[in-house]
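Below you'll find the structure, written out as structure tokens, and then a few comments.
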Amino acid sequence: MPKKFYAIAVGRKPGIYENWPFAHAQVRGFPHARFKGFATKAEAERWLAEPHSDTGAGKRLRPPAPARTDILPKSGEVTIYTDGGARYNPGPGGYGVVQLYNGERHERSGGFRLTTNNRMELMGCLMALRTLEYRDKKVTLYSDSSYVVNGITKGWARNWRRKGWIKSDRQPALNADLWAELLDLVAGLDITFKWVKGHAGHPMNERCDELAVAEAQRQGLPIDPGYEGR
């Protein structure tokens, strides 16, 4: 995934961040926050050097696009949204889950004191499926992690496991502990993984992000044994 730099001109702590959950915490709910994402740090620095107003005047970010109707819950199906991230990557991390089924809504979240973005994206999916009540229903799981979605839909994780958790480039596959459990969980389900663009205004994806960020900022987080113990 291409590296992203987030420049915050107006927020709780202006500056340049390389991790969206931590950057988001600086602008979420902040009046007239001004921020923008860039592919390079130099671009972010140039934009940050421009004059910016905290009164709403001047150049502003485009408002989020309307939520896509094709990722809304369907009657009789379980719809799951997940997100996860780690401050500083690696660093304190969290995950968030929203599950919807026939008007019922359940939220789950958790975090660890030292982990990674990808582990938290995977953990969000795992926690959703570990606690899934309606296992006989069709399930659609939306994640903004290409790593997770491609790992399942393109068969990457199955191939890694078949080859003893070695990738095609002969390097070890990371997060094998989480991938192994996820493969076992999806094996008995009628489930579809779909990618959704993150931070694009979809309310359930945004809610998962809020849960994940809040967990990553909590004190006294437990150890992620799959990360710290390896």
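Starting from 1 in every chain, residues are counted up; chains themselves are A, B, ... following the order of the structure tokens, and ligands are numbered from 1 as listed.
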* Find the residues near region 83-91 of chain A: any atom within 10 Å, counting only C-alpha atoms, skip ones fewer than 5 places away on the same chain, and give them as number ranges by chain. => A: 17-23, 96-98, 109-125, 142-145, 198, 204-213, 215-217, 227
* Could you tell me, as a ChimeraX atom specification, which residues of region 16-204 of chain A DSSP assigns to strand (DSSP E) when given the backbone? => /A:16-17,34-38,78-86,91-101,104-115,139-143,191-195
* Among the residues A:Leu132, A:Arg162, A:Val149, A:Tyr6, the one that comes closest to Ile80 (chain A) [using only C-alpha atoms] ->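 Of A:Leu132, A:Arg162, A:Val149, A:Tyr6, the one nearest Ile80 (chain A), counting only C-alpha atoms, is A:Leu132.
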* Top pick for closest residue to Thr153 (chain A), considering A:Lys194, A:Arg135, A:Arg46, A:Arg130 and counting only C-alpha atoms ->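 So, comparing all the options, the nearest one is A:Lys194.
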* Which residues come within 12 Å of region 159-161 of chain A, counting only C-alpha atoms, excluding same-chain residues fewer than 3 positions away, as a VMD selection string? -> chain A and resid 151 to 156 164 to 184
Expected file contents, prior selection, N, CA and C atoms, as a PDB file, in the first residue's frame:
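The new file selection_21.pdb reads:
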```pdb
ATOM      1  N   GLY A 151      -6.342 -10.699   0.751  1.00  0.00           N
ATOM      2  CA  GLY A 151      -5.821 -11.919   1.342  1.00  0.00           C
ATOM      3  C   GLY A 151      -6.832 -13.045   1.341  1.00  0.00           C
ATOM      4  N   ILE A 152      -8.125 -12.695   1.488  1.00  0.00           N
ATOM      5  CA  ILE A 152      -9.177 -13.699   1.461  1.00  0.00           C
ATOM      6  C   ILE A 152      -9.694 -13.932   0.044  1.00  0.00           C
ATOM      7  N   THR A 153     -10.092 -12.873  -0.635  1.00  0.00           N
ATOM      8  CA  THR A 153     -10.779 -13.036  -1.926  1.00  0.00           C
ATOM      9  C   THR A 153      -9.860 -13.516  -3.036  1.00  0.00           C
ATOM     10  N   LYS A 154      -8.577 -13.177  -2.970  1.00  0.00           N
ATOM     11  CA  LYS A 154      -7.639 -13.605  -4.000  1.00  0.00           C
ATOM     12  C   LYS A 154      -6.875 -14.875  -3.624  1.00  0.00           C
ATOM     13  N   GLY A 155      -7.214 -15.431  -2.468  1.00  0.00           N
ATOM     14  CA  GLY A 155      -6.608 -16.696  -2.073  1.00  0.00           C
ATOM     15  C   GLY A 155      -5.188 -16.603  -1.563  1.00  0.00           C
ATOM     16  N   TRP A 156      -4.704 -15.390  -1.289  1.00  0.00           N
ATOM     17  CA  TRP A 156      -3.321 -15.258  -0.834  1.00  0.00           C
ATOM     18  C   TRP A 156      -3.090 -16.032   0.462  1.00  0.00           C
ATOM     19  N   GLY A 164       3.238 -23.437   4.093  1.00  0.00           N
ATOM     20  CA  GLY A 164       3.904 -23.307   5.382  1.00  0.00           C
ATOM     21  C   GLY A 164       4.138 -21.868   5.781  1.00  0.00           C
ATOM     22  N   TRP A 165       3.224 -20.967   5.373  1.00  0.00           N
ATOM     23  CA  TRP A 165       3.294 -19.535   5.666  1.00  0.00           C
ATOM     24  C   TRP A 165       4.537 -18.875   5.064  1.00  0.00           C
ATOM     25  N   ILE A 166       4.815 -19.295   3.838  1.00  0.00           N
ATOM     26  CA  ILE A 166       5.872 -18.676   3.046  1.00  0.00           C
ATOM     27  C   ILE A 166       5.227 -18.081   1.795  1.00  0.00           C
ATOM     28  N   LYS A 167       5.558 -16.842   1.480  1.00  0.00           N
ATOM     29  CA  LYS A 167       4.980 -16.171   0.317  1.00  0.00           C
ATOM     30  C   LYS A 167       5.713 -16.576  -0.964  1.00  0.00           C
ATOM     31  N   SER A 168       5.196 -16.110  -2.081  1.00  0.00           N
ATOM     32  CA  SER A 168       5.789 -16.463  -3.372  1.00  0.00           C
ATOM     33  C   SER A 168       7.202 -15.912  -3.527  1.00  0.00           C
ATOM     34  N   ASP A 169       7.527 -14.835  -2.786  1.00  0.00           N
ATOM     35  CA  ASP A 169       8.885 -14.290  -2.839  1.00  0.00           C
ATOM     36  C   ASP A 169       9.811 -14.973  -1.836  1.00  0.00           C
ATOM     37  N   ARG A 170       9.307 -16.067  -1.216  1.00  0.00           N
ATOM     38  CA  ARG A 170      10.059 -16.895  -0.275  1.00  0.00           C
ATOM     39  C   ARG A 170      10.309 -16.200   1.058  1.00  0.00           C
ATOM     40  N   GLN A 171       9.581 -15.103   1.295  1.00  0.00           N
ATOM     41  CA  GLN A 171       9.657 -14.425   2.579  1.00  0.00           C
ATOM     42  C   GLN A 171       8.518 -14.920   3.472  1.00  0.00           C
ATOM     43  N   PRO A 172       8.723 -14.918   4.792  1.00  0.00           N
ATOM     44  CA  PRO A 172       7.652 -15.376   5.697  1.00  0.00           C
ATOM     45  C   PRO A 172       6.429 -14.469   5.587  1.00  0.00           C
ATOM     46  N   ALA A 173       5.261 -15.065   5.620  1.00  0.00           N
ATOM     47  CA  ALA A 173       4.012 -14.300   5.642  1.00  0.00           C
ATOM     48  C   ALA A 173       3.797 -13.769   7.053  1.00  0.00           C
ATOM     49  N   LEU A 174       3.606 -12.477   7.170  1.00  0.00           N
ATOM     50  CA  LEU A 174       3.393 -11.877   8.480  1.00  0.00           C
ATOM     51  C   LEU A 174       1.983 -12.184   8.995  1.00  0.00           C
ATOM     52  N   ASN A 175       1.857 -12.171  10.294  1.00  0.00           N
ATOM     53  CA  ASN A 175       0.551 -12.320  10.964  1.00  0.00           C
ATOM     54  C   ASN A 175      -0.089 -13.676  10.701  1.00  0.00           C
ATOM     55  N   ALA A 176       0.744 -14.702  10.596  1.00  0.00           N
ATOM     56  CA  ALA A 176       0.231 -16.040  10.303  1.00  0.00           C
ATOM     57  C   ALA A 176      -0.745 -16.517  11.371  1.00  0.00           C
ATOM     58  N   ASP A 177      -0.534 -16.114  12.642  1.00  0.00           N
ATOM     59  CA  ASP A 177      -1.439 -16.543  13.707  1.00  0.00           C
ATOM     60  C   ASP A 177      -2.859 -16.049  13.469  1.00  0.00           C
ATOM     61  N   LEU A 178      -2.987 -14.807  13.025  1.00  0.00           N
ATOM     62  CA  LEU A 178      -4.319 -14.235  12.794  1.00  0.00           C
ATOM     63  C   LEU A 178      -4.927 -14.755  11.497  1.00  0.00           C
ATOM     64  N   TRP A 179      -4.118 -14.870  10.467  1.00  0.00           N
ATOM     65  CA  TRP A 179      -4.622 -15.400   9.201  1.00  0.00           C
ATOM     66  C   TRP A 179      -5.133 -16.834   9.370  1.00  0.00           C
ATOM     67  N   ALA A 180      -4.414 -17.639  10.132  1.00  0.00           N
ATOM     68  CA  ALA A 180      -4.819 -19.033  10.312  1.00  0.00           C
ATOM     69  C   ALA A 180      -6.193 -19.118  10.969  1.00  0.00           C
ATOM     70  N   GLU A 181      -6.403 -18.305  11.993  1.00  0.00           N
ATOM     71  CA  GLU A 181      -7.708 -18.319  12.656  1.00  0.00           C
ATOM     72  C   GLU A 181      -8.799 -17.777  11.745  1.00  0.00           C
ATOM     73  N   LEU A 182      -8.492 -16.733  10.991  1.00  0.00           N
ATOM     74  CA  LEU A 182      -9.499 -16.159  10.099  1.00  0.00           C
ATOM     75  C   LEU A 182      -9.919 -17.171   9.031  1.00  0.00           C
ATOM     76  N   LEU A 183      -8.958 -17.901   8.474  1.00  0.00           N
ATOM     77  CA  LEU A 183      -9.290 -18.926   7.480  1.00  0.00           C
ATOM     78  C   LEU A 183     -10.184 -20.007   8.080  1.00  0.00           C
ATOM     79  N   ASP A 184      -9.911 -20.388   9.308  1.00  0.00           N
ATOM     80  CA  ASP A 184     -10.743 -21.400   9.959  1.00  0.00           C
ATOM     81  C   ASP A 184     -12.161 -20.875  10.191  1.00  0.00           C
TER      82      ASP A 184
END
```
* Asked: Ala33 (chain A): which residues within 6 Å, counting only C-alpha atoms, same-chain residues fewer than 5 positions away excluded, as a PyMOL selection string?
  -> chain A and resi 10-11+27
